[in-house]
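Below is start15.csv, holding CSV, C-alpha atoms.
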chain,number,residue,atom,x,y,z
A,17,MET,CA,-137.0,77.2,47.0
A,18,SER,CA,-138.8,75.3,44.2
A,19,ASP,CA,-137.8,71.9,43.0
A,20,PHE,CA,-136.7,73.4,39.7
A,21,GLU,CA,-134.5,76.0,41.4
A,22,SER,CA,-132.9,73.5,43.7
A,23,SER,CA,-132.2,71.0,40.9
A,24,LYS,CA,-130.7,73.9,38.8
A,25,LEU,CA,-128.5,74.9,41.7
A,26,GLN,CA,-127.4,71.3,42.2
A,27,ILE,CA,-126.5,71.0,38.5
A,28,SER,CA,-124.5,74.2,38.6
A,29,GLU,CA,-122.7,73.0,41.8
A,30,ASN,CA,-122.0,69.7,40.2
A,31,LYS,CA,-120.7,71.4,37.0
A,32,THR,CA,-118.4,73.6,39.1
A,33,SER,CA,-117.1,70.8,41.3
A,34,VAL,CA,-116.6,68.4,38.4
A,35,LEU,CA,-115.3,70.8,35.8
A,36,SER,CA,-113.1,72.8,38.1
A,37,ASN,CA,-110.7,69.9,38.1
A,38,SER,CA,-108.2,70.7,35.4
A,39,LEU,CA,-107.8,67.0,34.5
A,40,HIS,CA,-111.5,66.7,33.6
A,41,LEU,CA,-111.1,69.8,31.3
A,42,TYR,CA,-108.0,68.2,29.8
A,43,GLU,CA,-109.8,65.0,29.0
A,44,GLN,CA,-112.6,66.9,27.3
A,45,TYR,CA,-110.7,69.7,25.5
A,46,GLY,CA,-107.0,68.6,25.6
A,47,ALA,CA,-106.8,67.4,22.0
A,48,MET,CA,-108.6,70.5,20.8
A,49,ALA,CA,-106.2,72.8,22.6
A,50,TYR,CA,-103.2,70.9,21.4
A,51,GLY,CA,-104.4,71.2,17.8
A,52,ILE,CA,-104.7,75.0,18.2
A,53,ILE,CA,-101.3,75.3,19.9
A,54,LEU,CA,-99.6,73.3,17.2
A,55,GLN,CA,-101.1,75.6,14.5
A,56,ILE,CA,-99.4,78.6,16.2
A,57,VAL,CA,-96.3,77.0,17.7
A,58,PRO,CA,-95.2,74.1,15.5
A,59,GLN,CA,-92.5,72.8,17.8
A,60,LYS,CA,-93.9,69.8,19.7
A,61,GLN,CA,-91.8,70.1,22.8
A,62,MET,CA,-92.8,73.7,23.4
A,63,ALA,CA,-96.5,72.9,22.5
A,64,GLN,CA,-96.5,70.3,25.3
A,65,GLU,CA,-95.1,72.8,27.7
A,66,ILE,CA,-97.8,75.3,26.8
A,67,MET,CA,-100.4,72.5,27.3
A,68,ILE,CA,-99.2,71.9,30.8
A,69,GLU,CA,-99.3,75.6,31.7
A,70,LEU,CA,-102.7,76.0,30.1
A,71,PHE,CA,-104.3,73.1,32.0
A,72,ASP,CA,-102.7,74.2,35.3
A,73,SER,CA,-105.9,74.7,37.3
A,74,LEU,CA,-105.2,78.4,37.9
A,75,THR,CA,-105.2,79.2,34.2
A,76,VAL,CA,-108.1,77.1,33.1
A,77,ASN,CA,-110.5,77.1,36.1
A,78,PRO,CA,-111.9,80.7,35.4
A,79,CYS,CA,-113.3,79.2,32.2
A,80,VAL,CA,-115.9,77.3,34.2
A,81,GLU,CA,-117.6,80.5,35.2
A,82,GLY,CA,-116.9,82.6,32.2
A,83,LYS,CA,-119.2,84.6,29.9
A,84,VAL,CA,-118.5,82.2,27.0
A,85,SER,CA,-118.6,78.4,26.8
A,86,ILE,CA,-115.8,76.4,28.3
A,87,ALA,CA,-114.7,75.2,24.8
A,88,VAL,CA,-114.4,78.8,23.4
A,89,CYS,CA,-112.7,80.0,26.6
A,90,ILE,CA,-110.1,77.2,26.2
A,91,ILE,CA,-109.6,78.1,22.5
A,92,ARG,CA,-109.0,81.8,23.5
A,93,LYS,CA,-106.6,80.8,26.3
A,94,ALA,CA,-104.7,78.3,24.2
A,95,ARG,CA,-104.2,80.9,21.4
A,96,GLU,CA,-103.2,83.6,23.9
A,97,LEU,CA,-100.6,81.4,25.6
A,98,ALA,CA,-99.2,80.0,22.3
A,99,LEU,CA,-98.9,83.6,20.9
A,100,LEU,CA,-97.1,84.6,24.1
A,101,TYR,CA,-94.6,81.8,23.7
A,102,LYS,CA,-94.2,82.6,20.0
A,103,GLN,CA,-93.4,86.2,20.8
A,104,LYS,CA,-91.0,85.2,23.6
A,105,PHE,CA,-89.0,82.9,21.4
A,106,ASP,CA,-89.5,85.0,18.2
A,107,TRP,CA,-90.6,82.0,16.1
A,108,GLU,CA,-91.7,82.4,12.5
A,109,THR,CA,-94.5,80.1,11.4
A,110,ALA,CA,-95.4,79.4,7.9
A,111,HIS,CA,-97.7,82.0,6.5
A,112,VAL,CA,-100.6,81.1,4.3
A,113,PRO,CA,-99.9,82.8,1.0
A,114,ALA,CA,-102.0,85.8,-0.1
A,115,ALA,CA,-104.5,84.9,-2.7
A,116,GLU,CA,-107.0,86.3,-5.1
A,117,THR,CA,-110.3,84.3,-4.4
A,118,ASP,CA,-112.5,85.3,-1.5
A,119,THR,CA,-112.0,81.9,0.2
A,120,GLU,CA,-108.3,82.1,0.0
A,121,GLN,CA,-108.3,85.7,1.1
A,122,ALA,CA,-110.4,84.8,4.1
A,123,GLN,CA,-108.0,82.0,5.0
A,124,PHE,CA,-105.1,84.4,4.7
A,125,ILE,CA,-106.7,87.0,6.9
A,126,PHE,CA,-107.7,84.3,9.5
A,127,ASP,CA,-104.1,83.1,9.5
A,128,LEU,CA,-102.7,86.6,10.1
A,129,SER,CA,-105.2,87.3,12.8
A,130,PHE,CA,-105.6,84.0,14.8
A,131,ARG,CA,-102.3,82.3,14.1
A,132,GLN,CA,-99.9,85.2,13.8
A,133,GLY,CA,-101.6,87.3,16.4
A,134,LYS,CA,-102.0,90.5,14.3
A,135,SER,CA,-104.7,92.9,15.3
A,136,ALA,CA,-107.6,93.7,13.0
A,137,GLU,CA,-106.2,97.3,12.6
A,138,THR,CA,-102.8,96.0,11.5
A,139,ILE,CA,-104.2,93.6,9.0
A,140,ALA,CA,-106.6,96.2,7.6
A,141,GLU,CA,-103.6,98.6,7.2
A,142,LYS,CA,-101.4,96.0,5.7
A,143,LEU,CA,-103.9,94.8,3.1
A,144,ASN,CA,-105.3,98.3,2.6
A,145,ILE,CA,-108.9,97.2,3.4
A,146,PRO,CA,-111.4,98.4,6.0
A,147,LYS,CA,-111.4,96.8,9.4
A,148,ALA,CA,-115.0,95.6,8.9
A,149,LYS,CA,-113.7,93.5,6.0
A,150,VAL,CA,-111.2,91.7,8.3
A,151,TYR,CA,-114.0,90.6,10.6
A,152,LYS,CA,-116.1,89.6,7.6
A,153,ALA,CA,-113.3,87.5,6.3
A,154,ILE,CA,-113.0,85.7,9.7
A,155,SER,CA,-116.7,84.9,9.5
A,156,GLN,CA,-116.3,83.8,5.9
A,157,TYR,CA,-113.5,81.4,7.0
A,158,PHE,CA,-115.8,79.6,9.4
A,159,LYS,CA,-118.7,79.6,6.9
A,160,THR,CA,-116.5,77.8,4.4
A,161,PHE,CA,-115.7,75.1,6.9
A,162,ARG,CA,-119.3,74.7,7.8
A,163,GLN,CA,-120.3,74.2,4.2
A,164,SER,CA,-117.4,71.7,3.5
B,7,MET,CA,-126.6,98.5,12.7
B,8,LYS,CA,-129.5,96.1,12.2
B,9,ASN,CA,-129.4,92.7,13.9
B,10,GLN,CA,-128.8,90.6,10.7
B,11,GLU,CA,-126.1,93.0,9.5
B,12,TYR,CA,-124.5,92.9,12.9
B,13,ILE,CA,-124.6,89.1,13.0
B,14,GLN,CA,-123.2,88.8,9.5
B,15,SER,CA,-120.5,91.4,10.1
B,16,GLY,CA,-118.2,88.8,11.6
B,17,ILE,CA,-117.8,90.6,14.9
B,18,LEU,CA,-119.3,87.7,16.8
B,19,GLU,CA,-116.8,85.2,15.5
B,20,SER,CA,-114.0,87.6,16.2
B,21,TYR,CA,-115.3,88.3,19.7
B,22,LEU,CA,-115.4,84.6,20.4
B,23,LEU,CA,-111.9,84.0,19.2
B,24,GLY,CA,-110.7,87.0,21.3
B,25,ILE,CA,-109.5,89.0,18.4
B,26,VAL,CA,-111.6,92.2,18.9
B,27,SER,CA,-110.6,95.2,21.0
B,28,GLU,CA,-111.8,95.7,24.5
B,29,GLU,CA,-114.3,98.3,23.4
B,30,GLU,CA,-115.8,96.0,20.8
B,31,GLN,CA,-115.8,93.2,23.3
B,32,ARG,CA,-117.9,95.3,25.7
B,33,GLU,CA,-120.2,96.3,22.8
B,34,VAL,CA,-120.8,92.7,21.9
B,35,GLU,CA,-121.5,91.7,25.5
B,36,GLN,CA,-124.0,94.6,25.9
B,37,ARG,CA,-125.7,93.8,22.7
B,38,VAL,CA,-126.0,90.1,23.7
B,39,LEU,CA,-127.7,91.2,26.9
B,40,ILE,CA,-130.2,93.4,25.2
B,41,ASP,CA,-130.9,91.5,22.0
B,42,ASN,CA,-132.2,87.9,22.1
B,43,GLU,CA,-131.6,87.4,18.3
B,44,VAL,CA,-127.9,88.3,18.7
B,45,ALA,CA,-127.6,86.1,21.8
B,46,LYS,CA,-129.0,83.1,19.9
B,47,ALA,CA,-126.7,83.8,16.9
B,48,LEU,CA,-123.7,84.0,19.3
B,49,GLN,CA,-124.6,80.7,20.9
B,50,SER,CA,-124.9,79.1,17.4
B,51,ILE,CA,-121.5,80.5,16.3
B,52,GLU,CA,-120.0,79.4,19.6
B,53,ILE,CA,-121.1,75.8,18.9
B,54,ASP,CA,-119.8,76.0,15.3
B,55,ILE,CA,-116.4,77.3,16.4
B,56,ALA,CA,-116.1,74.6,19.1
B,57,ASN,CA,-117.1,71.9,16.6
B,58,HIS,CA,-114.6,73.2,14.1
B,59,TYR,CA,-111.7,73.0,16.5
B,60,LEU,CA,-112.9,69.7,18.0
B,61,THR,CA,-112.8,68.1,14.5
B,62,ASN,CA,-109.3,69.5,14.0
B,63,ALA,CA,-108.1,68.2,17.4
B,64,VAL,CA,-104.7,66.5,17.7
B,65,PRO,CA,-104.4,64.1,20.6
B,66,PRO,CA,-101.4,65.1,22.8
B,67,PRO,CA,-98.8,62.5,23.9
B,68,PRO,CA,-99.6,60.7,27.2
B,69,ASN,CA,-96.8,62.4,29.1
B,70,VAL,CA,-98.7,65.7,29.0
B,71,ARG,CA,-101.6,64.1,30.9
B,72,GLU,CA,-99.2,62.8,33.5
B,73,ALA,CA,-97.6,66.2,33.9
B,74,ILE,CA,-101.0,67.9,34.3
B,75,LEU,CA,-102.0,65.3,36.8
B,76,LEU,CA,-98.8,65.9,38.8
B,77,ASN,CA,-99.4,69.7,38.7
B,78,ALA,CA,-103.0,69.2,39.8
B,79,ASN,CA,-101.8,67.0,42.7
B,80,LYS,CA,-99.2,69.7,43.7
B,81,ASN,CA,-101.9,72.3,43.6
B,82,GLU,CA,-104.2,70.2,45.7
B,83,LEU,CA,-101.4,69.6,48.2
B,84,LYS,CA,-100.7,73.4,48.3
B,85,LYS,CA,-104.4,74.1,48.9
B,86,TRP,CA,-104.5,71.4,51.7
B,87,GLN,CA,-101.4,72.9,53.4
B,88,GLN,CA,-102.9,76.4,53.2
B,89,GLN,CA,-106.2,75.2,54.7
B,90,ASN,CA,-104.4,73.3,57.5
B,91,THR,CA,-102.2,76.3,58.3
B,92,PHE,CA,-105.4,78.4,58.4
B,93,LYS,CA,-107.1,75.9,60.7
B,94,GLU,CA,-104.1,75.8,63.1
B,95,ALA,CA,-104.0,79.6,63.2
B,96,THR,CA,-107.8,79.7,63.9
B,97,ASN,CA,-107.5,77.1,66.6
B,98,HIS,CA,-104.6,79.0,68.2
B,99,THR,CA,-106.5,82.3,68.3
B,100,GLU,CA,-109.6,80.5,69.7
B,101,GLN,CA,-107.4,79.1,72.5
B,102,LEU,CA,-106.1,82.6,73.3
B,103,LYS,CA,-109.6,83.9,73.8
B,104,TYR,CA,-110.1,81.7,77.0
B,105,LEU,CA,-108.2,81.4,80.2
B,106,GLU,CA,-107.0,78.0,81.1
B,107,VAL,CA,-108.8,77.0,84.3
B,108,GLU,CA,-107.6,73.9,86.2
B,109,VAL,CA,-110.0,72.9,89.0
B,110,ASP,CA,-107.6,70.5,90.7
B,111,ASN,CA,-104.7,73.0,91.0
B,112,THR,CA,-104.5,74.6,94.4
B,113,HIS,CA,-101.8,77.1,93.4
B,114,ILE,CA,-102.5,80.6,92.1
B,115,LYS,CA,-100.4,82.7,89.8
B,116,VAL,CA,-99.8,86.3,90.9
B,117,HIS,CA,-97.9,89.2,89.5
B,118,LYS,CA,-94.1,89.3,90.2
B,119,TYR,CA,-94.5,92.7,92.0
B,120,TRP,CA,-96.3,90.9,94.8
B,121,ARG,CA,-92.9,89.4,95.9
B,122,PRO,CA,-91.2,92.7,97.1
B,123,ALA,CA,-94.6,93.8,98.5
B,124,PHE,CA,-94.9,90.6,100.5
B,125,ILE,CA,-91.2,91.0,101.8
B,126,ALA,CA,-91.9,94.7,102.7
B,127,VAL,CA,-95.1,93.7,104.6
B,128,PHE,CA,-93.1,90.9,106.4
B,129,VAL,CA,-90.3,93.2,107.4
B,130,LEU,CA,-92.7,95.9,108.6
B,131,SER,CA,-94.6,93.4,110.6
B,132,LYS,CA,-91.4,92.3,112.3
B,133,ILE,CA,-90.5,95.9,113.0
B,134,PHE,CA,-94.0,96.6,114.4
B,135,LEU,CA,-93.8,93.4,116.5
B,136,ILE,CA,-90.4,94.4,118.0
B,137,ALA,CA,-91.6,98.0,118.6
B,138,ALA,CA,-94.8,96.7,120.2
B,139,LEU,CA,-92.8,94.4,122.5
B,140,TYR,CA,-90.3,97.2,123.3
B,141,PHE,CA,-93.1,99.6,124.2
B,142,TYR,CA,-95.0,97.0,126.1
B,143,PHE,CA,-92.0,96.2,128.3
B,144,LYS,CA,-91.1,99.8,128.6
B,145,SER,CA,-94.6,100.7,129.7
B,146,ASP,CA,-94.6,97.8,132.1
B,147,SER,CA,-91.3,98.9,133.7
B,148,LEU,CA,-92.5,102.5,133.8
B,149,THR,CA,-95.8,101.3,135.5
B,150,LYS,CA,-93.7,99.3,138.0
B,151,GLU,CA,-91.4,102.3,138.6
B,152,ASN,CA,-94.4,104.5,139.1
B,153,GLU,CA,-95.9,102.1,141.7
B,154,ARG,CA,-92.6,102.0,143.5
B,155,LEU,CA,-92.3,105.8,143.5
B,156,LYS,CA,-95.9,106.0,144.8
B,157,GLN,CA,-95.1,103.6,147.7
B,158,GLU,CA,-91.9,105.6,148.5
B,159,ILE,CA,-93.9,108.8,148.7
B,160,LYS,CA,-96.5,107.1,150.9
B,161,LEU,CA,-93.8,105.8,153.2
B,162,LYS,CA,-92.3,109.3,153.6

Output the file's structure in the form of structure tokens.
Amino acid sequence: MSDFESSKLQISENKTSVLSNSLHLYEQYGAMAYGIILQIVPQKQMAQEIMIELFDSLTVNPCVEGKVSIAVCIIRKARELALLYKQKFDWETAHVPAAETDTEQAQFIFDLSFRQGKSAETIAEKLNIPKAKVYKAISQYFKTFRQS
Amino acid sequence: MKNQEYIQSGILESYLLGIVSEEEQREVEQRVLIDNEVAKALQSIEIDIANHYLTNAVPPPPNVREAILLNANKNELKKWQQQNTFKEATNHTEQLKYLEVEVDNTHIKVHKYWRPAFIAVFVLSKIFLIAALYFYFKSDSLTKENERLKQEIKLK
């Protein structure tokens, strides 16, 4: 085995051993996950319970060896779990009002999709727009934030 | 769909957020494997999304960290207990593979059926001994009787 391969193997082993610890993941991404959960479930007590469940090693550890980066995996899992709790307790969160400008429309669609957990098909049907436009709006939402 | 159109369609952002259907998810994953340009775009969007949520992060209260630490410790303890139970079970099976041999022990263990067999052999041996003695004395007395009769015939 070449030096490069062995060092690469060592790095990946270190990454797994260090990051597999849920506490390390919490230190790095805890605040990010809590921010996402609070956007979906505004009740702090419940948001904290979701955080504990999320960072339970069995839920978060698969993120270390996933197809996407750890941050994105935690974003997905935090959203999934928060939406699950939201459905379970049938909470209503404040909707972003529908608007006319493209930016406001993108924000509205993003809210329906990411925070309210509506599928792209449902949003398209509700707003009477093609599904492709829903995806485009989500992309537009991030572009707006990048520019600001 | 051309690469640029595909990248700008918003499917990559939706894929990363876990909003797309399973079919679309597979499609993105296949396209990323085949197309380097799409893979690079996905990586760049991945960083953007992570940065977006990291800047909007809200620090959780300290009791959450303590609860996670407690959970992690519980999991570690469970793992340790499972490993130990496995080790004990392995040791036990390894012990069963070999016979215990004690060099200093002068006793041997035999099957319980040997007890009636031994008693039967003992009783039979006694019977044969008595029979042997009986026939010995009988033959002895008969020999003596025979001798006496021979002498009587001779005298006549």

- Task: Mind listing whatever residues come within 7 Å of the point (-117.2, 80.3, 14.5)? Use all atoms listed in the file, file coordinates, and give them as a PyMOL selection string.
- Result: (chain A and resi 155+158) or (chain B and resi 19+51-52+54-55)

As an mmCIF file with C-alpha atoms, in the coordinates of the input, could you give me every residue of chain B near chain A (at most 7 Å apart, counting all atoms listed in the file)?
data_model
loop_
_atom_site.group_PDB
_atom_site.id
_atom_site.type_symbol
_atom_site.label_atom_id
_atom_site.label_comp_id
_atom_site.auth_asym_id
_atom_site.auth_seq_id
_atom_site.Cartn_x
_atom_site.Cartn_y
_atom_site.Cartn_z
ATOM 1 C CA SER B 15 -120.500 91.400 10.100
ATOM 2 C CA GLY B 16 -118.200 88.800 11.600
ATOM 3 C CA ILE B 17 -117.800 90.600 14.900
ATOM 4 C CA GLU B 19 -116.800 85.200 15.500
ATOM 5 C CA SER B 20 -114.000 87.600 16.200
ATOM 6 C CA LEU B 22 -115.400 84.600 20.400
ATOM 7 C CA LEU B 23 -111.900 84.000 19.200
ATOM 8 C CA GLY B 24 -110.700 87.000 21.300
ATOM 9 C CA ILE B 25 -109.500 89.000 18.400
ATOM 10 C CA GLU B 52 -120.000 79.400 19.600
ATOM 11 C CA ALA B 56 -116.100 74.600 19.100
ATOM 12 C CA TYR B 59 -111.700 73.000 16.500
ATOM 13 C CA LEU B 60 -112.900 69.700 18.000
ATOM 14 C CA ASN B 62 -109.300 69.500 14.000
ATOM 15 C CA ALA B 63 -108.100 68.200 17.400
ATOM 16 C CA VAL B 64 -104.700 66.500 17.700
ATOM 17 C CA PRO B 65 -104.400 64.100 20.600
ATOM 18 C CA PRO B 66 -101.400 65.100 22.800
ATOM 19 C CA VAL B 70 -98.700 65.700 29.000
ATOM 20 C CA ALA B 73 -97.600 66.200 33.900
ATOM 21 C CA ILE B 74 -101.000 67.900 34.300
ATOM 22 C CA LEU B 75 -102.000 65.300 36.800
ATOM 23 C CA ASN B 77 -99.400 69.700 38.700
ATOM 24 C CA ALA B 78 -103.000 69.200 39.800
#

- Item | For atom CA of A:Ile56 and atom CA of B:Leu18, the interatomic separation in Å (one decimal) |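 Atom-to-atom, atom CA of A:Ile56 and atom CA of B:Leu18 are spaced 21.9 Å apart.
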
- Query: What is the atom CA of A:Gln132-atom CA of A:Tyr101 distance in Å, reported with one decimal?
  - Reply: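 It comes out at 11.7 Å.
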